[in-house]
$ cat structure.cif   # mmCIF, C-alpha atoms
data_entry
#
loop_
_atom_site.label_atom_id
_atom_site.label_comp_id
_atom_site.auth_asym_id
_atom_site.auth_seq_id
_atom_site.Cartn_x
_atom_site.Cartn_y
_atom_site.Cartn_z
CA MET A 1 -16.17 23.56 7.71
CA ALA A 2 -12.47 24.22 8.15
CA ASP A 3 -10.05 23.90 5.24
CA LYS A 4 -8.91 20.38 4.50
CA ILE A 5 -5.19 19.81 4.45
CA THR A 6 -4.11 16.46 3.03
CA ILE A 7 -1.18 14.53 4.42
CA GLY A 8 0.36 11.86 2.19
CA ILE A 9 2.32 8.76 3.14
CA ALA A 10 5.56 9.54 5.00
CA ASP A 11 4.40 13.14 5.34
CA MET A 12 3.50 15.63 8.09
CA LYS A 13 1.63 18.91 8.22
CA LEU A 14 0.82 21.44 10.92
CA ALA A 15 -2.13 23.77 11.35
CA LYS A 16 -2.92 26.42 13.94
CA GLY A 17 -6.28 27.77 15.12
CA GLU A 18 -8.45 26.35 12.35
CA GLY A 19 -7.93 23.45 9.99
CA MET A 20 -8.80 19.87 9.26
CA LEU A 21 -5.78 17.64 8.79
CA VAL A 22 -6.67 14.55 6.75
CA THR A 23 -4.77 11.42 5.86
CA TYR A 24 -6.33 8.67 3.76
CA ALA A 25 -6.30 4.87 3.85
CA LEU A 26 -4.03 4.07 6.77
CA GLY A 27 -3.43 0.33 6.57
CA SER A 28 -0.44 -0.88 8.54
CA CYS A 29 0.69 2.75 8.58
CA ILE A 30 -0.17 4.93 11.58
CA GLY A 31 -1.52 8.47 11.73
CA ILE A 32 -0.35 10.33 14.81
CA CYS A 33 -2.28 13.46 15.82
CA LEU A 34 -0.30 15.72 18.11
CA HIS A 35 -2.11 18.62 19.75
CA ASP A 36 -1.30 21.59 21.97
CA PRO A 37 -4.78 22.67 23.15
CA ALA A 38 -3.62 26.00 24.57
CA LEU A 39 -2.37 27.19 21.18
CA LYS A 40 -4.84 25.11 19.16
CA LEU A 41 -1.80 23.88 17.31
CA GLY A 42 -2.07 20.46 15.73
CA ALA A 43 0.10 18.20 13.63
CA LEU A 44 -0.63 14.98 11.80
CA VAL A 45 2.17 12.58 10.84
CA HIS A 46 1.61 9.55 8.57
CA ILE A 47 4.35 7.04 9.35
CA MET A 48 4.92 3.78 7.51
CA LEU A 49 7.60 1.87 9.43
CA PRO A 50 8.64 1.50 13.09
CA LEU A 51 12.33 2.36 13.13
CA ASN A 52 14.61 4.53 11.04
CA MET A 53 17.66 2.46 10.20
CA GLU A 54 18.14 3.93 6.75
CA THR A 55 21.52 5.31 5.80
CA GLY A 56 21.30 8.94 4.80
CA ARG A 57 17.91 9.42 6.54
CA LYS A 58 16.37 11.57 3.85
CA ASN A 59 12.79 11.22 4.99
CA PRO A 60 12.26 11.30 8.78
CA MET A 61 8.44 11.26 8.46
CA LYS A 62 8.49 7.72 7.06
CA TYR A 63 9.39 6.30 10.47
CA ALA A 64 7.71 6.34 13.89
CA ASP A 65 10.84 7.29 15.86
CA THR A 66 12.22 10.10 13.70
CA GLY A 67 8.73 11.21 12.61
CA ILE A 68 7.54 11.85 16.16
CA LYS A 69 10.80 13.52 17.19
CA GLU A 70 10.92 15.85 14.17
CA THR A 71 7.23 16.80 14.48
CA LEU A 72 7.60 17.68 18.16
CA LYS A 73 10.60 19.82 17.26
CA GLN A 74 8.58 21.73 14.67
CA MET A 75 5.66 22.18 17.07
CA GLU A 76 7.97 23.52 19.76
CA ALA A 77 9.48 25.92 17.25
CA LYS A 78 5.95 27.32 16.90
CA GLY A 79 5.66 27.82 20.63
CA ALA A 80 4.10 24.53 21.75
CA SER A 81 5.02 23.24 25.18
CA ARG A 82 5.95 19.59 25.55
CA SER A 83 3.99 19.26 28.80
CA ARG A 84 0.74 20.28 27.07
CA ILE A 85 1.11 18.19 23.92
CA THR A 86 -1.15 15.14 23.75
CA ALA A 87 -1.49 12.41 21.15
CA LYS A 88 -4.20 10.37 19.43
CA ILE A 89 -3.30 7.57 17.09
CA ALA A 90 -5.03 5.42 14.47
CA GLY A 91 -3.92 2.67 12.09
CA GLY A 92 -1.59 -0.30 12.48
CA ALA A 93 -3.97 -2.79 10.89
CA MET A 94 -3.09 -6.09 9.31
CA MET A 95 -4.46 -5.78 5.80
CA PHE A 96 -3.95 -9.39 4.75
CA LYS A 97 -4.47 -12.27 7.11
CA ASP A 98 -2.11 -14.74 5.57
CA GLY A 99 -1.93 -18.12 7.20
CA SER A 100 1.78 -18.54 6.62
CA GLY A 101 2.62 -15.34 8.49
CA SER A 102 5.37 -14.62 5.96
CA LEU A 103 4.42 -10.95 5.67
CA GLY A 104 5.09 -10.33 9.33
CA ASN A 105 2.93 -7.85 11.12
CA ILE A 106 4.28 -4.40 10.31
CA GLY A 107 1.12 -2.84 11.78
CA GLN A 108 1.72 -4.34 15.21
CA ARG A 109 5.38 -3.28 15.16
CA ASN A 110 4.31 0.22 14.18
CA ILE A 111 1.86 0.40 17.12
CA GLU A 112 4.53 -0.70 19.59
CA SER A 113 7.10 1.71 18.23
CA VAL A 114 4.71 4.69 18.18
CA LYS A 115 3.69 4.07 21.82
CA LEU A 116 7.28 3.59 22.92
CA ASN A 117 8.44 6.76 21.20
CA LEU A 118 5.56 8.87 22.55
CA LYS A 119 6.44 7.66 26.03
CA LYS A 120 10.14 8.37 25.48
CA GLU A 121 9.32 11.92 24.37
CA GLY A 122 7.00 12.44 27.34
CA VAL A 123 3.82 12.85 25.28
CA ARG A 124 0.58 11.56 26.78
CA LEU A 125 -1.45 9.19 24.58
CA LEU A 126 -5.10 10.18 25.02
CA LYS A 127 -6.98 7.95 22.61
CA GLU A 128 -6.26 5.25 20.08
CA ASP A 129 -7.97 3.17 17.42
CA VAL A 130 -5.33 0.71 16.32
CA GLY A 131 -4.84 -2.85 15.12
CA GLY A 132 -7.55 -5.02 13.59
CA THR A 133 -7.83 -5.63 9.88
CA VAL A 134 -9.52 -2.50 8.49
CA ALA A 135 -8.01 0.49 6.71
CA ARG A 136 -8.72 3.89 8.27
CA THR A 137 -9.05 7.44 6.99
CA LEU A 138 -8.21 9.90 9.75
CA LEU A 139 -9.51 13.48 10.03
CA PHE A 140 -8.09 15.67 12.77
CA ASP A 141 -9.65 19.00 13.73
CA VAL A 142 -6.89 21.16 15.23
CA ASN A 143 -9.41 23.53 16.80
CA SER A 144 -11.23 20.97 18.95
CA GLY A 145 -8.51 18.31 19.02
CA LEU A 146 -11.11 15.73 17.98
CA ALA A 147 -10.27 13.04 15.48
CA CYS A 148 -12.73 11.23 13.23
CA ILE A 149 -12.01 7.80 11.77
CA ARG A 150 -13.70 6.43 8.65
CA SER A 151 -13.47 2.77 7.64
CA TYR A 152 -15.12 0.47 5.13
CA GLY A 153 -17.98 -1.49 6.67
CA ARG A 154 -17.68 0.17 10.08
CA GLN A 155 -19.38 3.12 11.74
CA GLU A 156 -17.56 6.43 11.87
CA LEU A 157 -15.69 6.80 15.11
CA ILE A 158 -14.85 10.03 16.98
CA ILE A 159 -11.90 9.94 19.35
CA MET B 1 26.30 -2.48 -12.27
CA SER B 2 23.93 -3.09 -9.41
CA ILE B 3 21.38 -0.42 -8.73
CA LYS B 4 20.70 0.96 -5.27
CA ASN B 5 17.39 2.54 -6.05
CA TYR B 6 14.58 1.86 -8.50
CA ASP B 7 15.01 5.20 -10.26
CA GLU B 8 18.53 4.26 -11.37
CA LEU B 9 17.28 1.78 -13.98
CA ASN B 10 18.43 2.60 -17.52
CA SER B 11 16.25 2.28 -20.60
CA LEU B 12 17.63 -1.13 -21.60
CA GLU B 13 16.82 -2.48 -18.15
CA LEU B 14 13.37 -0.93 -18.21
CA ASP B 15 12.71 -2.47 -21.63
CA THR B 16 13.71 -5.87 -20.32
CA LEU B 17 11.34 -5.53 -17.37
CA ARG B 18 8.58 -4.40 -19.72
CA GLU B 19 9.20 -7.55 -21.75
CA ILE B 20 8.82 -9.66 -18.61
CA GLY B 21 5.61 -7.77 -17.88
CA SER B 22 4.41 -8.42 -21.40
CA VAL B 23 5.05 -12.17 -21.32
CA GLY B 24 3.78 -12.48 -17.75
CA THR B 25 0.53 -10.58 -18.23
CA GLY B 26 0.09 -12.19 -21.66
CA ASN B 27 0.08 -15.62 -20.06
CA ALA B 28 -2.18 -14.38 -17.27
CA ALA B 29 -4.61 -13.07 -19.91
CA THR B 30 -4.72 -16.51 -21.55
CA ALA B 31 -5.46 -18.10 -18.18
CA LEU B 32 -8.16 -15.51 -17.54
CA SER B 33 -9.81 -16.07 -20.90
CA GLN B 34 -9.98 -19.81 -20.20
CA MET B 35 -11.62 -19.14 -16.84
CA LEU B 36 -14.10 -16.64 -18.24
CA GLY B 37 -14.76 -18.45 -21.48
CA ARG B 38 -14.11 -15.36 -23.58
CA GLN B 39 -11.18 -13.71 -25.26
CA VAL B 40 -8.96 -11.55 -23.09
CA ARG B 41 -6.03 -9.53 -24.43
CA ILE B 42 -3.56 -7.23 -22.72
CA THR B 43 -2.91 -3.60 -23.46
CA LEU B 44 0.64 -2.21 -23.35
CA PRO B 45 2.47 -3.59 -20.35
CA GLU B 46 3.87 -0.99 -18.02
CA VAL B 47 6.86 -0.68 -15.77
CA ARG B 48 6.40 2.13 -13.32
CA ILE B 49 8.63 3.58 -10.70
CA MET B 50 6.60 5.85 -8.49
CA GLY B 51 6.77 7.75 -5.26
CA TYR B 52 4.29 6.47 -2.66
CA ASN B 53 1.68 9.15 -3.09
CA GLU B 54 2.07 9.18 -6.87
CA ALA B 55 1.39 5.42 -6.90
CA ILE B 56 -1.83 5.88 -4.96
CA GLU B 57 -3.07 8.56 -7.35
CA TRP B 58 -2.11 6.33 -10.28
CA ILE B 59 -4.21 3.43 -9.02
CA GLY B 60 -7.21 5.75 -8.69
CA GLY B 61 -7.16 7.42 -5.28
CA PRO B 62 -6.71 6.09 -1.76
CA GLU B 63 -10.27 5.46 -0.55
CA GLU B 64 -11.73 3.49 -3.45
CA ILE B 65 -12.79 0.05 -2.18
CA THR B 66 -11.39 -2.92 -4.08
CA ALA B 67 -10.68 -6.59 -3.56
CA GLY B 68 -7.05 -7.61 -3.49
CA VAL B 69 -5.30 -10.95 -3.72
CA LEU B 70 -1.75 -10.98 -2.43
CA VAL B 71 0.97 -13.56 -2.92
CA LYS B 72 4.49 -13.31 -1.60
CA LEU B 73 7.40 -14.44 -3.75
CA SER B 74 10.50 -16.04 -2.36
CA GLY B 75 13.40 -18.15 -3.56
CA GLN B 76 15.54 -16.48 -6.22
CA VAL B 77 13.11 -13.58 -6.52
CA ASN B 78 11.68 -11.89 -3.43
CA GLY B 79 8.72 -9.66 -3.86
CA ILE B 80 5.00 -9.17 -3.56
CA MET B 81 2.46 -9.71 -6.23
CA LEU B 82 -1.01 -8.21 -6.11
CA SER B 83 -4.15 -8.78 -8.13
CA VAL B 84 -6.32 -5.69 -7.65
CA GLN B 85 -9.97 -6.39 -8.48
CA PRO B 86 -12.42 -3.46 -8.68
CA LEU B 87 -16.14 -4.26 -8.43
CA GLU B 88 -16.58 -4.18 -12.20
CA PHE B 89 -14.01 -6.95 -12.57
CA VAL B 90 -15.56 -8.93 -9.72
CA ASN B 91 -18.86 -8.84 -11.58
CA ILE B 92 -17.29 -9.97 -14.86
CA VAL B 93 -15.87 -12.98 -13.03
CA LEU B 94 -19.05 -13.76 -11.08
CA GLU B 95 -21.21 -13.44 -14.14
CA SER B 96 -19.25 -15.97 -16.15
CA VAL B 97 -18.47 -18.35 -13.29
CA MET B 98 -21.62 -18.16 -11.15
CA GLY B 99 -24.12 -16.41 -13.41
CA LYS B 100 -24.83 -13.52 -10.99
CA THR B 101 -23.61 -10.04 -10.09
CA VAL B 102 -23.39 -7.96 -6.89
CA THR B 103 -23.62 -4.24 -6.17
CA ASP B 104 -21.36 -4.27 -3.11
CA TYR B 105 -18.49 -6.40 -1.86
CA ALA B 106 -20.50 -7.04 1.33
CA GLN B 107 -22.89 -9.24 -0.67
CA LEU B 108 -20.15 -11.70 -1.62
CA THR B 109 -20.60 -15.20 -0.23
CA GLU B 110 -17.77 -17.40 1.03
CA MET B 111 -17.93 -19.36 -2.21
CA GLU B 112 -17.63 -16.20 -4.31
CA HIS B 113 -14.68 -15.01 -2.23
CA SER B 114 -12.94 -18.29 -3.01
CA ALA B 115 -13.65 -17.86 -6.70
CA LEU B 116 -12.03 -14.40 -6.69
CA VAL B 117 -9.00 -15.64 -4.75
CA GLU B 118 -8.60 -18.48 -7.21
CA VAL B 119 -8.84 -16.19 -10.25
CA GLY B 120 -6.22 -13.87 -8.71
CA ASN B 121 -4.02 -16.76 -7.70
CA ILE B 122 -4.09 -18.37 -11.14
CA MET B 123 -3.24 -15.07 -12.85
CA ILE B 124 -0.36 -14.45 -10.44
CA SER B 125 0.98 -18.01 -10.76
CA THR B 126 0.90 -17.88 -14.56
CA PHE B 127 2.74 -14.55 -14.51
CA ILE B 128 5.42 -15.95 -12.21
CA ASN B 129 5.75 -19.19 -14.17
CA ALA B 130 6.47 -17.13 -17.27
CA LEU B 131 9.02 -14.99 -15.44
CA SER B 132 10.70 -17.96 -13.88
CA GLY B 133 10.95 -19.74 -17.24
CA LEU B 134 12.27 -16.64 -18.98
CA ALA B 135 14.97 -15.92 -16.41
CA GLY B 136 15.67 -19.50 -15.37
CA MET B 137 15.08 -18.63 -11.75
CA ASP B 138 13.22 -20.61 -9.09
CA VAL B 139 10.41 -18.69 -7.43
CA SER B 140 8.16 -20.03 -4.67
CA LEU B 141 4.74 -18.59 -3.96
CA THR B 142 2.85 -18.39 -0.68
CA VAL B 143 -0.79 -19.32 -0.30
CA PRO B 144 -2.86 -16.31 -1.54
CA ALA B 145 -4.29 -13.88 1.01
CA PHE B 146 -7.46 -11.91 0.32
CA THR B 147 -8.95 -8.65 1.53
CA VAL B 148 -11.61 -6.11 0.60
CA ASP B 149 -10.71 -2.58 1.66
CA MET B 150 -9.40 0.86 0.60
CA GLN B 151 -6.97 0.39 -2.27
CA GLY B 152 -4.52 2.90 -0.81
CA ALA B 153 -4.00 0.63 2.17
CA ILE B 154 -3.68 -2.44 -0.06
CA LEU B 155 -1.00 -0.79 -2.19
CA ALA B 156 0.78 0.31 0.98
CA VAL B 157 1.54 -3.35 1.80
CA PRO B 158 4.36 -3.74 -0.76
CA MET B 159 5.48 -0.17 0.00
CA ALA B 160 5.87 -0.93 3.70
CA GLU B 161 7.53 -4.27 2.99
CA TYR B 162 10.32 -2.60 1.01
CA GLY B 163 10.05 0.88 2.52
CA GLY B 164 13.30 0.48 4.44
CA GLN B 165 15.18 0.19 1.13
CA SER B 166 13.59 2.81 -1.03
CA ASP B 167 11.27 5.80 -1.27
CA TYR B 168 9.87 4.39 -4.50
CA ILE B 169 7.73 1.46 -5.44
CA MET B 170 8.30 -0.37 -8.67
CA THR B 171 5.43 -2.17 -10.34
CA ILE B 172 5.43 -4.35 -13.43
CA GLY B 173 2.00 -5.08 -14.82
CA GLY B 174 -0.66 -4.50 -17.39
CA ASN B 175 -4.34 -4.01 -18.08
CA PHE B 176 -6.72 -6.45 -19.67
CA VAL B 177 -9.20 -5.96 -22.50
CA SER B 178 -12.03 -8.27 -23.51
CA GLU B 179 -14.39 -7.79 -26.46
CA ASP B 180 -13.15 -4.21 -26.85
CA LYS B 181 -14.05 -3.43 -23.26
CA GLN B 182 -11.53 -2.66 -20.58
CA VAL B 183 -11.39 -5.40 -17.94
CA PRO B 184 -10.44 -3.27 -14.98
CA CYS B 185 -8.08 -5.56 -13.15
CA ARG B 186 -4.49 -4.87 -12.35
CA LEU B 187 -1.71 -7.34 -11.87
CA LEU B 188 1.21 -5.79 -10.04
CA MET B 189 4.57 -7.19 -9.18
CA SER B 190 6.88 -5.40 -6.75
CA PRO B 191 10.28 -7.05 -6.46
CA ASP B 192 12.78 -6.08 -3.78
CA LEU B 193 15.97 -4.38 -4.98
CA ARG B 194 18.30 -7.34 -4.60
CA SER B 195 16.00 -9.59 -6.60
CA LEU B 196 15.64 -6.93 -9.23
CA ASN B 197 19.42 -6.83 -9.66
CA ALA B 198 19.61 -10.63 -9.75
CA LEU B 199 16.82 -10.76 -12.32
CA LEU B 200 18.51 -8.22 -14.59
CA ARG B 201 21.80 -10.12 -14.35
CA LYS B 202 20.11 -13.42 -15.24
CA LEU B 203 18.52 -11.81 -18.26
CA GLY B 204 21.91 -10.53 -19.36
CA VAL B 205 21.25 -6.80 -19.29
CA SER B 206 23.28 -6.03 -16.22
CA ASP B 207 26.97 -6.87 -15.96
CA GLY B 208 27.21 -6.56 -12.15
#
$ encode --input "structure.cif" --output "structure tokens"
Amino acid sequence: MADKITIGIADMKLAKGEGMLVTYALGSCIGICLHDPALKLGALVHIMLPLNMETGRKNPMKYADTGIKETLKQMEAKGASRSRITAKIAGGAMMFKDGSGSLGNIGQRNIESVKLNLKKEGVRLLKEDVGGTVARTLLFDVNSGLACIRSYGRQELII
Amino acid sequence: MSIKNYDELNSLELDTLREIGSVGTGNAATALSQMLGRQVRITLPEVRIMGYNEAIEWIGGPEEITAGVLVKLSGQVNGIMLSVQPLEFVNIVLESVMGKTVTDYAQLTEMEHSALVEVGNIMISTFINALSGLAGMDVSLTVPAFTVDMQGAILAVPMAEYGGQSDYIMTIGGNFVSEDKQVPCRLLMSPDLRSLNALLRKLGVSDG
């Protein structure tokens, strides 16, 4: 099995040729797998919030908009071509169903922002496993471009 | 002076928060011992300011399955309060309240879910009552929400809620001990920055 590379919250890592990119326990956060199949170059970003409105903008990978933009830039610097890059996403759950709705639904906003920003950047969204109420661990094989999703009380899912 | 990030707190301010944690978890321990019918004490209360990934390691890794009860605070203090209940704690509660134990969360009945929510809710409410009395601030609580899932994703709820303000999460809380055995249950409070400043001012340790 390929080497496991762990991606934390508000983090991104790239791998080329071989490698398993893993991010654990995505709740309302979203894991975005970006892949250039010709180069077998893959990236996994773990974003937490939909829009970067922070002053100073120290951490672009925390947000869907700046996270996607910055990751694409780094992939292109390694020779990836925008027209070949595809995306698979997982996460955006609502961890607590509270009747009062006072927590808002950050997961849903994250899903909308990720889709909007992928579209804006001209990246095709191939597969998704988003929403619902379960946390997801996401494993992304940069060689095959396949992603595996593990959840509590649910069968493993390959997308 | 008002702080703009959690890591700017000085040692006097941290001590004050630790004191709140101590009184809050102390009262929660008393409530818990009444519910369980046995003595429950607290160990040293902690105030922690952690990066996201550090916080997840601290709680014991991202994928561990736990039950969580969440209450949102509003009024003069905004924040989120969590009662994190690993299976061992669940069984301590079930054994004393219902006289049974389970080996997996999936075996919990509706009735047992309610019992866990109520235990979490009572501990959280007692903590907040103590805080509100100490600082003379009004705090309202939402109805508790409950989930069973990976603890990394549960802890990410307060992180995401205040993620636009800070790269850190602050938690005030403590651990519980009963009959010399650790009661593995965590009570965590994550205030937003503005409330934290207001709280410190009310307690007289911040001149802002």
$ interface_residues --input "structure.cif" --of "chain A" --to "chain B" --cutoff "9 Å" --atoms "only C-alpha atoms" --output "PyMOL selection string"
chain A and resi 8-10+24-29+48-49+51-54+59+62+95-100+102-103+106+133-137+151-153
$ atom_distance --input "structure.cif" --atom1 "CA of Ser2 in chain B" --atom2 "CA of Asp15 in chain B"
16.6 Å
$ residues_around --input "structure.cif" --residues "Val119 in chain B" --least-positions-apart "6" --cutoff "9 Å" --atoms "all atoms listed in the file" --output "JSON, numbers by chain"
{"B": [31, 32, 35, 93]}
$ write_last_selection --input "structure.cif" --atoms "C-alpha atoms" --output "mmCIF file, keeping the file's coordinate frame"
data_model
loop_
_atom_site.group_PDB
_atom_site.id
_atom_site.type_symbol
_atom_site.label_atom_id
_atom_site.label_comp_id
_atom_site.auth_asym_id
_atom_site.auth_seq_id
_atom_site.Cartn_x
_atom_site.Cartn_y
_atom_site.Cartn_z
ATOM 1 C CA ALA B 31 -5.460 -18.100 -18.180
ATOM 2 C CA LEU B 32 -8.160 -15.510 -17.540
ATOM 3 C CA MET B 35 -11.620 -19.140 -16.840
ATOM 4 C CA VAL B 93 -15.870 -12.980 -13.030
#
$ residues_around --input "structure.cif" --residues "Cys148 in chain A" --least-positions-apart "5" --cutoff "10 Å" --atoms "all atoms listed in the file" --output "list in words"
Val22, Ala90, Arg136, Thr137, Leu138, Leu139, Phe140, Asp141, Glu156, Leu157, Ile158 and Ile159 of chain A
$ residues_around --input "structure.cif" --residues "Ser140 in chain B" --least-positions-apart "6" --cutoff "12 Å" --atoms "all atoms listed in the file" --output "list of chain:residue names"
B:Val71, B:Lys72, B:Leu73, B:Ser74, B:Gly75, B:Gln76, B:Val77, B:Asn78, B:Gly79, B:Ile80, B:Met81, B:Ile124, B:Ser125, B:Ile128, B:Asn129, B:Leu131, B:Ser132
$ atom_distance --input "structure.cif" --atom1 "CA of Met123 in chain B" --atom2 "CA of Gly174 in chain B"
11.8 Å
$ residues_around --input "structure.cif" --residues "Arg48 in chain B" --least-positions-apart "2" --cutoff "12 Å" --atoms "only C-alpha atoms" --output "PyMOL selection string"
chain B and resi 6-7+9+14-15+17-18+21+45-46+50-52+54-55+58-59+168-174+188-190
$ write_last_selection --input "structure.cif" --atoms "C-alpha atoms" --output "compact mmCIF listing (two decimals), in the coordinates of the input"
# COMPACT_ATOMS: atom_id res chain seq x y z
CA TYR B 6 14.58 1.86 -8.50
CA ASP B 7 15.01 5.20 -10.26
CA LEU B 9 17.28 1.78 -13.98
CA LEU B 14 13.37 -0.93 -18.21
CA ASP B 15 12.71 -2.47 -21.63
CA LEU B 17 11.34 -5.53 -17.37
CA ARG B 18 8.58 -4.40 -19.72
CA GLY B 21 5.61 -7.77 -17.88
CA PRO B 45 2.47 -3.59 -20.35
CA GLU B 46 3.87 -0.99 -18.02
CA MET B 50 6.60 5.85 -8.49
CA GLY B 51 6.77 7.75 -5.26
CA TYR B 52 4.29 6.47 -2.66
CA GLU B 54 2.07 9.18 -6.87
CA ALA B 55 1.39 5.42 -6.90
CA TRP B 58 -2.11 6.33 -10.28
CA ILE B 59 -4.21 3.43 -9.02
CA TYR B 168 9.87 4.39 -4.50
CA ILE B 169 7.73 1.46 -5.44
CA MET B 170 8.30 -0.37 -8.67
CA THR B 171 5.43 -2.17 -10.34
CA ILE B 172 5.43 -4.35 -13.43
CA GLY B 173 2.00 -5.08 -14.82
CA GLY B 174 -0.66 -4.50 -17.39
CA LEU B 188 1.21 -5.79 -10.04
CA MET B 189 4.57 -7.19 -9.18
CA SER B 190 6.88 -5.40 -6.75
$ atom_distance --input "structure.cif" --atom1 "CA of Gly104 in chain A" --atom2 "CA of Ile7 in chain A"
26.1 Å
$ resolve_selection --input "structure.cif" --expression "the PyMOL selection byres ((chain A and resi 112-125) around 8)" --output "VMD selection string"
chain A and resid 50 to 51 64 to 65 68 to 69 82 to 83 85 to 89 108 to 111 126 to 128
$ axis_aligned_box --input "structure.cif" --around "range 58-61 of chain B" --padding-each-side "8 Å" --output "JSON"
{"center_x": -4.7, "center_y": 5.4, "center_z": -7.8, "size_x": 21.1, "size_y": 20.0, "size_z": 21.0}
$ residues_around --input "structure.cif" --residues "range 34-45 of chain A" --least-positions-apart "4" --cutoff "6 Å" --atoms "all atoms listed in the file" --output "PyMOL selection string"
chain A and resi 11-17+84-87+142-143
$ resolve_selection --input "structure.cif" --expression "the PyMOL selection byres ((chain A and resi 130) around 7)" --output "list in words"
Ala90, Gly91, Gly92, Ala93, Glu128, Asp129, Gly131 and Gly132 of chain A
$ build_atoms --input "structure.cif" --residues "range 180-193 of chain B" --atoms "N, CA and C atoms" --output "PDB file, in the coordinates of the input"
ATOM      1  N   ASP B 180     -13.289  -5.656 -26.717  1.00  0.00           N
ATOM      2  CA  ASP B 180     -13.150  -4.210 -26.850  1.00  0.00           C
ATOM      3  C   ASP B 180     -13.512  -3.429 -25.589  1.00  0.00           C
ATOM      4  N   LYS B 181     -13.776  -4.140 -24.516  1.00  0.00           N
ATOM      5  CA  LYS B 181     -14.050  -3.430 -23.260  1.00  0.00           C
ATOM      6  C   LYS B 181     -12.900  -3.650 -22.293  1.00  0.00           C
ATOM      7  N   GLN B 182     -12.567  -2.583 -21.602  1.00  0.00           N
ATOM      8  CA  GLN B 182     -11.530  -2.660 -20.580  1.00  0.00           C
ATOM      9  C   GLN B 182     -11.986  -3.638 -19.485  1.00  0.00           C
ATOM     10  N   VAL B 183     -11.121  -4.548 -19.107  1.00  0.00           N
ATOM     11  CA  VAL B 183     -11.390  -5.400 -17.940  1.00  0.00           C
ATOM     12  C   VAL B 183     -10.571  -4.806 -16.805  1.00  0.00           C
ATOM     13  N   PRO B 184     -11.221  -4.056 -15.930  1.00  0.00           N
ATOM     14  CA  PRO B 184     -10.440  -3.270 -14.980  1.00  0.00           C
ATOM     15  C   PRO B 184      -9.864  -4.127 -13.866  1.00  0.00           C
ATOM     16  N   CYS B 185      -8.733  -4.724 -14.145  1.00  0.00           N
ATOM     17  CA  CYS B 185      -8.080  -5.560 -13.150  1.00  0.00           C
ATOM     18  C   CYS B 185      -6.607  -5.325 -13.317  1.00  0.00           C
ATOM     19  N   ARG B 186      -5.918  -5.128 -12.227  1.00  0.00           N
ATOM     20  CA  ARG B 186      -4.490  -4.870 -12.350  1.00  0.00           C
ATOM     21  C   ARG B 186      -3.692  -5.998 -11.726  1.00  0.00           C
ATOM     22  N   LEU B 187      -2.622  -6.346 -12.385  1.00  0.00           N
ATOM     23  CA  LEU B 187      -1.710  -7.340 -11.870  1.00  0.00           C
ATOM     24  C   LEU B 187      -0.396  -6.621 -11.620  1.00  0.00           C
ATOM     25  N   LEU B 188       0.026  -6.562 -10.373  1.00  0.00           N
ATOM     26  CA  LEU B 188       1.210  -5.790 -10.040  1.00  0.00           C
ATOM     27  C   LEU B 188       2.258  -6.643  -9.370  1.00  0.00           C
ATOM     28  N   MET B 189       3.493  -6.477  -9.821  1.00  0.00           N
ATOM     29  CA  MET B 189       4.570  -7.190  -9.180  1.00  0.00           C
ATOM     30  C   MET B 189       5.551  -6.174  -8.635  1.00  0.00           C
ATOM     31  N   SER B 190       5.874  -6.278  -7.352  1.00  0.00           N
ATOM     32  CA  SER B 190       6.880  -5.400  -6.750  1.00  0.00           C
ATOM     33  C   SER B 190       8.022  -6.236  -6.203  1.00  0.00           C
ATOM     34  N   PRO B 191       9.139  -6.276  -6.943  1.00  0.00           N
ATOM     35  CA  PRO B 191      10.280  -7.050  -6.460  1.00  0.00           C
ATOM     36  C   PRO B 191      11.105  -6.214  -5.482  1.00  0.00           C
ATOM     37  N   ASP B 192      11.858  -6.861  -4.603  1.00  0.00           N
ATOM     38  CA  ASP B 192      12.780  -6.080  -3.780  1.00  0.00           C
ATOM     39  C   ASP B 192      14.028  -5.774  -4.632  1.00  0.00           C
ATOM     40  N   LEU B 193      14.859  -4.868  -4.160  1.00  0.00           N
ATOM     41  CA  LEU B 193      15.970  -4.380  -4.980  1.00  0.00           C
ATOM     42  C   LEU B 193      16.987  -5.458  -5.330  1.00  0.00           C
TER      43      LEU B 193
END
